[in-house]
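Peer 1: Input: one structure, supplied below.
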Amino acid sequence: GPPELLGRALLVHPDGGWDGTLGGHPELDRTAAAEARALLDAGRTATVVIGAEGSRCGRPVTVLAEASVPPPRMIVFGAVDFASALVRIGKFLNYHVTVCDARPVFATAPRFPDADEVVVDWPHRYLEKTEVDARTVLCVLTHDPKFDVPLLERALRLPVAYVGAMGSARTHRDRLRRLREAGVGEPELALLRSP
(Lines give C-alpha, C1' and ligand atoms only; values in the text may rest on other atoms or scores of the structure.)
Protein backbone atom coordinates (compact mmCIF):
# COMPACT_ATOMS: atom_id res chain seq x y z
CA GLY A 1 0.00 0.00 0.00
CA PRO A 2 0.97 3.66 0.04
CA PRO A 3 4.14 4.20 2.14
CA GLU A 4 2.47 6.97 4.16
CA LEU A 5 0.01 4.42 5.61
CA LEU A 6 2.63 1.88 6.72
CA GLY A 7 2.67 1.12 10.43
CA ARG A 8 -0.68 2.77 11.14
CA ALA A 9 -3.22 0.88 13.24
CA LEU A 10 -6.85 0.79 14.24
CA LEU A 11 -8.05 -0.89 17.41
CA VAL A 12 -11.47 -2.31 16.51
CA HIS A 13 -13.87 -3.06 19.36
CA PRO A 14 -16.46 -5.88 19.43
CA ASP A 15 -19.28 -3.31 19.10
CA GLY A 16 -17.81 -2.13 15.77
CA GLY A 17 -16.32 1.14 17.05
CA TRP A 18 -12.60 1.84 16.73
CA ASP A 19 -9.75 3.92 18.06
CA GLY A 20 -6.89 5.32 15.99
CA THR A 21 -6.66 5.94 12.26
CA LEU A 22 -4.92 4.51 9.25
CA GLY A 23 -4.26 8.10 8.20
CA GLY A 24 -5.79 7.96 4.74
CA HIS A 25 -9.23 8.76 3.40
CA PRO A 26 -11.85 8.86 6.21
CA GLU A 27 -13.81 6.02 4.60
CA LEU A 28 -10.70 3.82 4.74
CA ASP A 29 -10.97 3.62 8.54
CA ARG A 30 -14.68 2.77 8.37
CA THR A 31 -14.18 0.04 5.75
CA ALA A 32 -11.12 -1.42 7.51
CA ALA A 33 -13.04 -1.50 10.82
CA ALA A 34 -16.00 -3.28 9.19
CA GLU A 35 -13.71 -5.87 7.60
CA ALA A 36 -11.87 -6.39 10.89
CA ARG A 37 -15.18 -6.71 12.77
CA ALA A 38 -16.25 -9.57 10.49
CA LEU A 39 -12.95 -11.35 11.13
CA LEU A 40 -13.26 -10.67 14.86
CA ASP A 41 -16.67 -12.41 14.88
CA ALA A 42 -15.00 -15.45 13.35
CA GLY A 43 -11.93 -15.18 15.58
CA ARG A 44 -9.72 -15.11 12.46
CA THR A 45 -6.59 -13.17 11.53
CA ALA A 46 -6.21 -12.36 7.82
CA THR A 47 -5.08 -9.75 5.31
CA VAL A 48 -7.75 -7.79 3.47
CA VAL A 49 -7.27 -5.71 0.32
CA ILE A 50 -9.43 -2.60 0.12
CA GLY A 51 -9.29 0.58 -1.92
CA ALA A 52 -7.38 3.52 -0.45
CA GLU A 53 -10.61 5.57 -0.52
CA GLY A 54 -12.46 2.89 1.45
CA SER A 55 -14.21 1.19 -1.44
CA ARG A 56 -13.40 -2.08 -3.15
CA CYS A 57 -11.87 -0.21 -6.09
CA GLY A 58 -9.15 2.40 -6.46
CA ARG A 59 -5.56 2.20 -5.25
CA PRO A 60 -5.28 -1.06 -3.28
CA VAL A 61 -4.30 -1.04 0.38
CA THR A 62 -3.51 -4.32 2.15
CA VAL A 63 -4.59 -4.31 5.78
CA LEU A 64 -3.62 -6.96 8.33
CA ALA A 65 -6.60 -7.64 10.60
CA GLU A 66 -5.32 -9.48 13.65
CA ALA A 67 -8.04 -10.94 15.87
CA SER A 68 -7.14 -11.24 19.52
CA VAL A 69 -10.11 -13.01 21.05
CA PRO A 70 -10.52 -15.78 23.61
CA PRO A 71 -11.32 -19.24 22.25
CA PRO A 72 -14.96 -19.82 21.33
CA ARG A 73 -17.16 -21.38 24.00
CA MET A 74 -18.94 -24.70 24.00
CA ILE A 75 -21.41 -25.10 26.85
CA VAL A 76 -22.67 -28.64 27.40
CA PHE A 77 -25.84 -28.79 29.47
CA GLY A 78 -26.39 -32.18 31.06
CA ALA A 79 -23.63 -34.18 32.76
CA VAL A 80 -24.59 -37.42 31.01
CA ASP A 81 -22.35 -40.09 29.50
CA PHE A 82 -22.55 -38.55 26.00
CA ALA A 83 -21.21 -35.31 27.43
CA SER A 84 -17.73 -36.81 27.99
CA ALA A 85 -17.30 -37.51 24.27
CA LEU A 86 -18.67 -34.09 23.36
CA VAL A 87 -16.25 -32.40 25.76
CA ARG A 88 -13.30 -34.22 24.17
CA ILE A 89 -14.42 -33.19 20.68
CA GLY A 90 -14.89 -29.59 21.84
CA LYS A 91 -11.37 -29.47 23.29
CA PHE A 92 -9.95 -31.01 20.09
CA LEU A 93 -11.66 -28.19 18.14
CA ASN A 94 -10.11 -25.59 20.51
CA TYR A 95 -13.29 -24.61 22.32
CA HIS A 96 -13.34 -23.47 25.94
CA VAL A 97 -15.69 -26.17 27.22
CA THR A 98 -18.06 -25.84 30.18
CA VAL A 99 -20.27 -28.64 31.49
CA CYS A 100 -23.33 -27.46 33.42
CA ASP A 101 -25.83 -29.59 35.34
CA ALA A 102 -28.05 -28.92 38.34
CA ARG A 103 -27.21 -32.30 39.88
CA PRO A 104 -24.02 -32.12 41.97
CA VAL A 105 -23.60 -35.89 42.02
CA PHE A 106 -23.12 -35.89 38.21
CA ALA A 107 -21.50 -32.50 37.59
CA THR A 108 -18.04 -33.21 39.00
CA ALA A 109 -14.59 -32.38 37.64
CA PRO A 110 -13.35 -36.00 37.92
CA ARG A 111 -16.17 -37.15 35.59
CA PHE A 112 -15.14 -34.53 32.99
CA PRO A 113 -11.36 -34.15 33.23
CA ASP A 114 -11.14 -32.58 29.75
CA ALA A 115 -13.63 -29.78 30.56
CA ASP A 116 -12.29 -26.32 31.30
CA GLU A 117 -14.95 -25.92 33.95
CA VAL A 118 -17.78 -27.91 35.50
CA VAL A 119 -20.65 -25.87 36.94
CA VAL A 120 -23.41 -27.00 39.28
CA ASP A 121 -26.39 -24.78 38.52
CA TRP A 122 -29.77 -24.92 36.86
CA PRO A 123 -28.96 -24.66 33.13
CA HIS A 124 -31.23 -21.69 32.39
CA ARG A 125 -29.88 -19.77 35.39
CA TYR A 126 -26.30 -20.39 34.34
CA LEU A 127 -27.06 -19.34 30.75
CA GLU A 128 -28.61 -16.08 31.98
CA LYS A 129 -25.47 -15.06 33.86
CA THR A 130 -22.67 -16.30 31.59
CA GLU A 131 -21.21 -14.53 28.57
CA VAL A 132 -21.96 -15.86 25.11
CA ASP A 133 -21.23 -14.47 21.66
CA ALA A 134 -21.67 -15.24 17.99
CA ARG A 135 -19.09 -18.07 18.23
CA THR A 136 -20.69 -19.85 21.21
CA VAL A 137 -22.25 -23.29 20.76
CA LEU A 138 -24.86 -24.61 23.18
CA CYS A 139 -25.38 -28.37 23.43
CA VAL A 140 -28.38 -29.55 25.42
CA LEU A 141 -28.17 -33.15 26.61
CA THR A 142 -30.43 -32.92 29.66
CA HIS A 143 -33.36 -34.96 28.19
CA ASP A 144 -35.73 -33.54 30.80
CA PRO A 145 -38.41 -30.93 30.05
CA LYS A 146 -37.95 -29.23 33.44
CA PHE A 147 -34.39 -28.39 32.34
CA ASP A 148 -34.79 -28.29 28.53
CA VAL A 149 -37.75 -25.94 28.17
CA PRO A 150 -36.58 -23.00 30.33
CA LEU A 151 -33.05 -23.40 28.94
CA LEU A 152 -34.08 -23.53 25.27
CA GLU A 153 -36.57 -20.66 25.71
CA ARG A 154 -33.58 -18.47 26.52
CA ALA A 155 -30.97 -20.11 24.29
CA LEU A 156 -33.01 -19.74 21.09
CA ARG A 157 -33.23 -15.97 21.64
CA LEU A 158 -29.47 -15.47 21.99
CA PRO A 159 -27.12 -14.48 19.14
CA VAL A 160 -25.08 -17.71 19.34
CA ALA A 161 -23.62 -19.87 16.57
CA TYR A 162 -25.49 -23.09 17.35
CA VAL A 163 -28.16 -24.51 19.65
CA GLY A 164 -28.51 -28.27 19.59
CA ALA A 165 -30.63 -30.60 21.74
CA MET A 166 -30.21 -34.37 21.74
CA GLY A 167 -33.16 -36.70 21.80
CA SER A 168 -35.23 -39.13 19.81
CA ALA A 169 -37.68 -37.91 17.18
CA ARG A 170 -40.48 -38.36 19.71
CA THR A 171 -38.58 -36.40 22.37
CA HIS A 172 -37.91 -33.63 19.84
CA ARG A 173 -41.60 -33.39 18.84
CA ASP A 174 -42.59 -33.20 22.50
CA ARG A 175 -39.88 -30.58 23.15
CA LEU A 176 -41.15 -28.44 20.23
CA ARG A 177 -44.73 -28.69 21.54
CA ARG A 178 -43.66 -27.60 25.02
CA LEU A 179 -41.59 -24.71 23.63
CA ARG A 180 -44.53 -23.49 21.53
CA GLU A 181 -46.74 -23.63 24.64
CA ALA A 182 -44.09 -21.55 26.45
CA GLY A 183 -44.37 -18.86 23.74
CA VAL A 184 -41.33 -19.64 21.59
CA GLY A 185 -42.05 -18.62 17.99
CA GLU A 186 -41.42 -20.53 14.79
CA PRO A 187 -38.40 -18.39 13.73
CA GLU A 188 -36.65 -19.29 17.00
CA LEU A 189 -37.68 -22.96 16.78
CA ALA A 190 -36.18 -23.11 13.29
CA LEU A 191 -32.76 -22.39 14.87
CA LEU A 192 -32.89 -25.51 17.03
CA ARG A 193 -30.87 -28.47 15.79
CA SER A 194 -31.80 -31.93 17.00
CA PRO A 195 -29.16 -34.41 15.82
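Letters A, B, ... mark the chains of the C-alpha coordinates in the order given; residue numbers begin at 1 per chain; ligand numbers begin at 1, in order shown.
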Kindly provide the residues of segment 18-78 of chain A that approach segment 164-172 of chain A to within 12 Å, each paired with its closest atom pair and their distance in Å to one decimal, based on only C-alpha atoms, listed by chain and increasing number, as a tab-separated table.

Peer 2:
residue	atom	partner	partner_atom	distance
A:Met74	CA	A:Gly164	CA	11.1
A:Ile75	CA	A:Gly164	CA	10.6
A:Val76	CA	A:Gly164	CA	9.8
A:Phe77	CA	A:Ala165	CA	9.3
A:Gly78	CA	A:Met166	CA	10.3

Peer 1: Would you pick out the contacts of segment 120-129 of chain A at 8 Å or less, using only C-alpha atoms, so that residues sharing its chain but fewer than 6 positions from it are not included, and give the list as a PyMOL selection string?

Peer 2: chain A and resi 77+100-104+107+147+150-152+154-155

Peer 1: Can you list every residue in segment 112-188 of chain A that DSSP puts in strand (DSSP E), as a list in words?

Peer 2: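 Restricting segment 112-188 of chain A to strand (DSSP E) produces Glu117, Val118, Val119, Val120, Val137, Leu138, Cys139, Val140, Tyr162, Val163, Gly164 and Ala165 of chain A.
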
Peer 1: Using the selection just defined, write its residues with all heavy atoms as a PDB file, in the first residue's frame.

Peer 2:
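File written: selection.pdb
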ATOM      1  N   GLU A 117     -14.248 -26.165  32.695  1.00  0.00           N
ATOM      2  CA  GLU A 117     -14.951 -25.922  33.951  1.00  0.00           C
ATOM      3  C   GLU A 117     -16.202 -26.789  34.011  1.00  0.00           C
ATOM      4  O   GLU A 117     -16.796 -27.130  32.989  1.00  0.00           O
ATOM      5  CB  GLU A 117     -15.307 -24.442  34.131  1.00  0.00           C
ATOM      6  CG  GLU A 117     -16.105 -23.831  33.017  1.00  0.00           C
ATOM      7  CD  GLU A 117     -16.283 -22.316  33.164  1.00  0.00           C
ATOM      8  OE1 GLU A 117     -16.102 -21.784  34.276  1.00  0.00           O
ATOM      9  OE2 GLU A 117     -16.607 -21.685  32.163  1.00  0.00           O
ATOM     10  N   VAL A 118     -16.552 -27.158  35.235  1.00  0.00           N
ATOM     11  CA  VAL A 118     -17.779 -27.913  35.500  1.00  0.00           C
ATOM     12  C   VAL A 118     -18.576 -27.093  36.501  1.00  0.00           C
ATOM     13  O   VAL A 118     -18.067 -26.732  37.565  1.00  0.00           O
ATOM     14  CB  VAL A 118     -17.473 -29.327  36.057  1.00  0.00           C
ATOM     15  CG1 VAL A 118     -18.766 -30.072  36.353  1.00  0.00           C
ATOM     16  CG2 VAL A 118     -16.608 -30.114  35.065  1.00  0.00           C
ATOM     17  N   VAL A 119     -19.820 -26.776  36.148  1.00  0.00           N
ATOM     18  CA  VAL A 119     -20.647 -25.870  36.938  1.00  0.00           C
ATOM     19  C   VAL A 119     -21.883 -26.607  37.433  1.00  0.00           C
ATOM     20  O   VAL A 119     -22.555 -27.283  36.651  1.00  0.00           O
ATOM     21  CB  VAL A 119     -21.087 -24.665  36.064  1.00  0.00           C
ATOM     22  CG1 VAL A 119     -22.055 -23.770  36.816  1.00  0.00           C
ATOM     23  CG2 VAL A 119     -19.874 -23.886  35.594  1.00  0.00           C
ATOM     24  N   VAL A 120     -22.168 -26.469  38.719  1.00  0.00           N
ATOM     25  CA  VAL A 120     -23.408 -26.999  39.277  1.00  0.00           C
ATOM     26  C   VAL A 120     -24.380 -25.831  39.392  1.00  0.00           C
ATOM     27  O   VAL A 120     -24.191 -24.933  40.214  1.00  0.00           O
ATOM     28  CB  VAL A 120     -23.182 -27.653  40.657  1.00  0.00           C
ATOM     29  CG1 VAL A 120     -24.509 -28.144  41.234  1.00  0.00           C
ATOM     30  CG2 VAL A 120     -22.178 -28.791  40.557  1.00  0.00           C
ATOM     31  N   VAL A 137     -21.348 -22.182  21.082  1.00  0.00           N
ATOM     32  CA  VAL A 137     -22.245 -23.293  20.758  1.00  0.00           C
ATOM     33  C   VAL A 137     -22.826 -23.840  22.050  1.00  0.00           C
ATOM     34  O   VAL A 137     -22.124 -23.993  23.048  1.00  0.00           O
ATOM     35  CB  VAL A 137     -21.553 -24.404  19.929  1.00  0.00           C
ATOM     36  CG1 VAL A 137     -21.067 -23.863  18.602  1.00  0.00           C
ATOM     37  CG2 VAL A 137     -20.423 -25.053  20.675  1.00  0.00           C
ATOM     38  N   LEU A 138     -24.131 -24.096  22.018  1.00  0.00           N
ATOM     39  CA  LEU A 138     -24.860 -24.605  23.177  1.00  0.00           C
ATOM     40  C   LEU A 138     -25.382 -25.996  22.843  1.00  0.00           C
ATOM     41  O   LEU A 138     -26.092 -26.169  21.853  1.00  0.00           O
ATOM     42  CB  LEU A 138     -26.023 -23.675  23.527  1.00  0.00           C
ATOM     43  CG  LEU A 138     -25.674 -22.201  23.740  1.00  0.00           C
ATOM     44  CD1 LEU A 138     -26.932 -21.383  23.972  1.00  0.00           C
ATOM     45  CD2 LEU A 138     -24.707 -22.039  24.905  1.00  0.00           C
ATOM     46  N   CYS A 139     -25.006 -26.972  23.657  1.00  0.00           N
ATOM     47  CA  CYS A 139     -25.378 -28.369  23.425  1.00  0.00           C
ATOM     48  C   CYS A 139     -26.198 -28.846  24.611  1.00  0.00           C
ATOM     49  O   CYS A 139     -25.696 -28.902  25.738  1.00  0.00           O
ATOM     50  CB  CYS A 139     -24.129 -29.229  23.269  1.00  0.00           C
ATOM     51  SG  CYS A 139     -23.013 -28.621  21.992  1.00  0.00           S
ATOM     52  N   VAL A 140     -27.454 -29.184  24.356  1.00  0.00           N
ATOM     53  CA  VAL A 140     -28.384 -29.549  25.422  1.00  0.00           C
ATOM     54  C   VAL A 140     -28.572 -31.066  25.421  1.00  0.00           C
ATOM     55  O   VAL A 140     -29.123 -31.636  24.470  1.00  0.00           O
ATOM     56  CB  VAL A 140     -29.736 -28.818  25.236  1.00  0.00           C
ATOM     57  CG1 VAL A 140     -30.712 -29.196  26.333  1.00  0.00           C
ATOM     58  CG2 VAL A 140     -29.503 -27.302  25.196  1.00  0.00           C
ATOM     59  N   TYR A 162     -24.819 -21.794  17.483  1.00  0.00           N
ATOM     60  CA  TYR A 162     -25.487 -23.089  17.354  1.00  0.00           C
ATOM     61  C   TYR A 162     -26.207 -23.418  18.651  1.00  0.00           C
ATOM     62  O   TYR A 162     -25.665 -23.221  19.738  1.00  0.00           O
ATOM     63  CB  TYR A 162     -24.432 -24.164  17.059  1.00  0.00           C
ATOM     64  CG  TYR A 162     -24.933 -25.589  17.010  1.00  0.00           C
ATOM     65  CD1 TYR A 162     -25.458 -26.120  15.838  1.00  0.00           C
ATOM     66  CD2 TYR A 162     -24.856 -26.405  18.131  1.00  0.00           C
ATOM     67  CE1 TYR A 162     -25.905 -27.434  15.797  1.00  0.00           C
ATOM     68  CE2 TYR A 162     -25.300 -27.719  18.094  1.00  0.00           C
ATOM     69  CZ  TYR A 162     -25.824 -28.230  16.929  1.00  0.00           C
ATOM     70  OH  TYR A 162     -26.272 -29.527  16.888  1.00  0.00           O
ATOM     71  N   VAL A 163     -27.427 -23.947  18.513  1.00  0.00           N
ATOM     72  CA  VAL A 163     -28.159 -24.509  19.649  1.00  0.00           C
ATOM     73  C   VAL A 163     -28.623 -25.886  19.212  1.00  0.00           C
ATOM     74  O   VAL A 163     -29.391 -26.023  18.261  1.00  0.00           O
ATOM     75  CB  VAL A 163     -29.381 -23.647  20.056  1.00  0.00           C
ATOM     76  CG1 VAL A 163     -30.109 -24.297  21.240  1.00  0.00           C
ATOM     77  CG2 VAL A 163     -28.971 -22.225  20.395  1.00  0.00           C
ATOM     78  N   GLY A 164     -28.132 -26.902  19.906  1.00  0.00           N
ATOM     79  CA  GLY A 164     -28.514 -28.275  19.590  1.00  0.00           C
ATOM     80  C   GLY A 164     -29.051 -28.966  20.819  1.00  0.00           C
ATOM     81  O   GLY A 164     -28.600 -28.711  21.937  1.00  0.00           O
ATOM     82  N   ALA A 165     -30.042 -29.837  20.627  1.00  0.00           N
ATOM     83  CA  ALA A 165     -30.626 -30.595  21.738  1.00  0.00           C
ATOM     84  C   ALA A 165     -30.783 -32.047  21.306  1.00  0.00           C
ATOM     85  O   ALA A 165     -31.447 -32.331  20.311  1.00  0.00           O
ATOM     86  CB  ALA A 165     -31.973 -30.008  22.138  1.00  0.00           C
TER      87      ALA A 165
END

Peer 1: Set the distance at 8 Å and use only C-alpha atoms: which residues neighbour segment 81-85 of chain A once local chain neighbours fewer than 3 positions away are removed? I'd like the list as a list in words.

Peer 2: Val76, Gly78, Arg88, Ile89, Val99, Arg111, Phe112 and Leu141 of chain A

Peer 1: Just give me the gap between atom CA of His13 of chain A and atom CA of Arg135 of chain A in Å, one decimal is fine.

Peer 2: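 Calculated distance between atom CA of His13 of chain A and atom CA of Arg135 of chain A is 15.9 Å.
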
Peer 1: Please determine, counting only C-alpha atoms, which residue among A:Arg8, A:Gly54, A:Thr45, A:Val80 has the shortest atom-to-atom distance to Arg30 of chain A.

Peer 2: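 For Arg30 of chain A, the nearest of the given residues is A:Gly54.
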
Peer 1: From segment 24-111 of chain A, collect each residue whose DSSP state is alpha helix (DSSP H) and return the set as a PyMOL selection string.

Peer 2: chain A and resi 26-42+81-92

Peer 1: Would you compute the distance between atom CA of Gly16 of chain A and atom CA of Val61 of chain A? Give it in Å to one decimal.

Peer 2: 20.5 Å

Peer 1: Give the answer as one residue: which of A:Leu10, A:Leu189, A:Ala182, A:Ala161 has the shortest atom-to-atom distance to Thr136 of chain A, using only C-alpha atoms?

Peer 2: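 Comparing A:Leu10, A:Leu189, A:Ala182, A:Ala161 against Thr136 of chain A, the winner is A:Ala161.
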
Peer 1: Between atom CA of Val149 of chain A and atom CA of Glu181 of chain A, what is the distance, to one decimal in Å?

Peer 2: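 The value is 9.9 Å.
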
Peer 1: Using only C-alpha atoms, which of A:Val12, A:Ala109, A:Leu28, A:Ala115 sits nearest Val97 of chain A?

Peer 2: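 For Val97 of chain A, the nearest of the given residues is A:Ala115.
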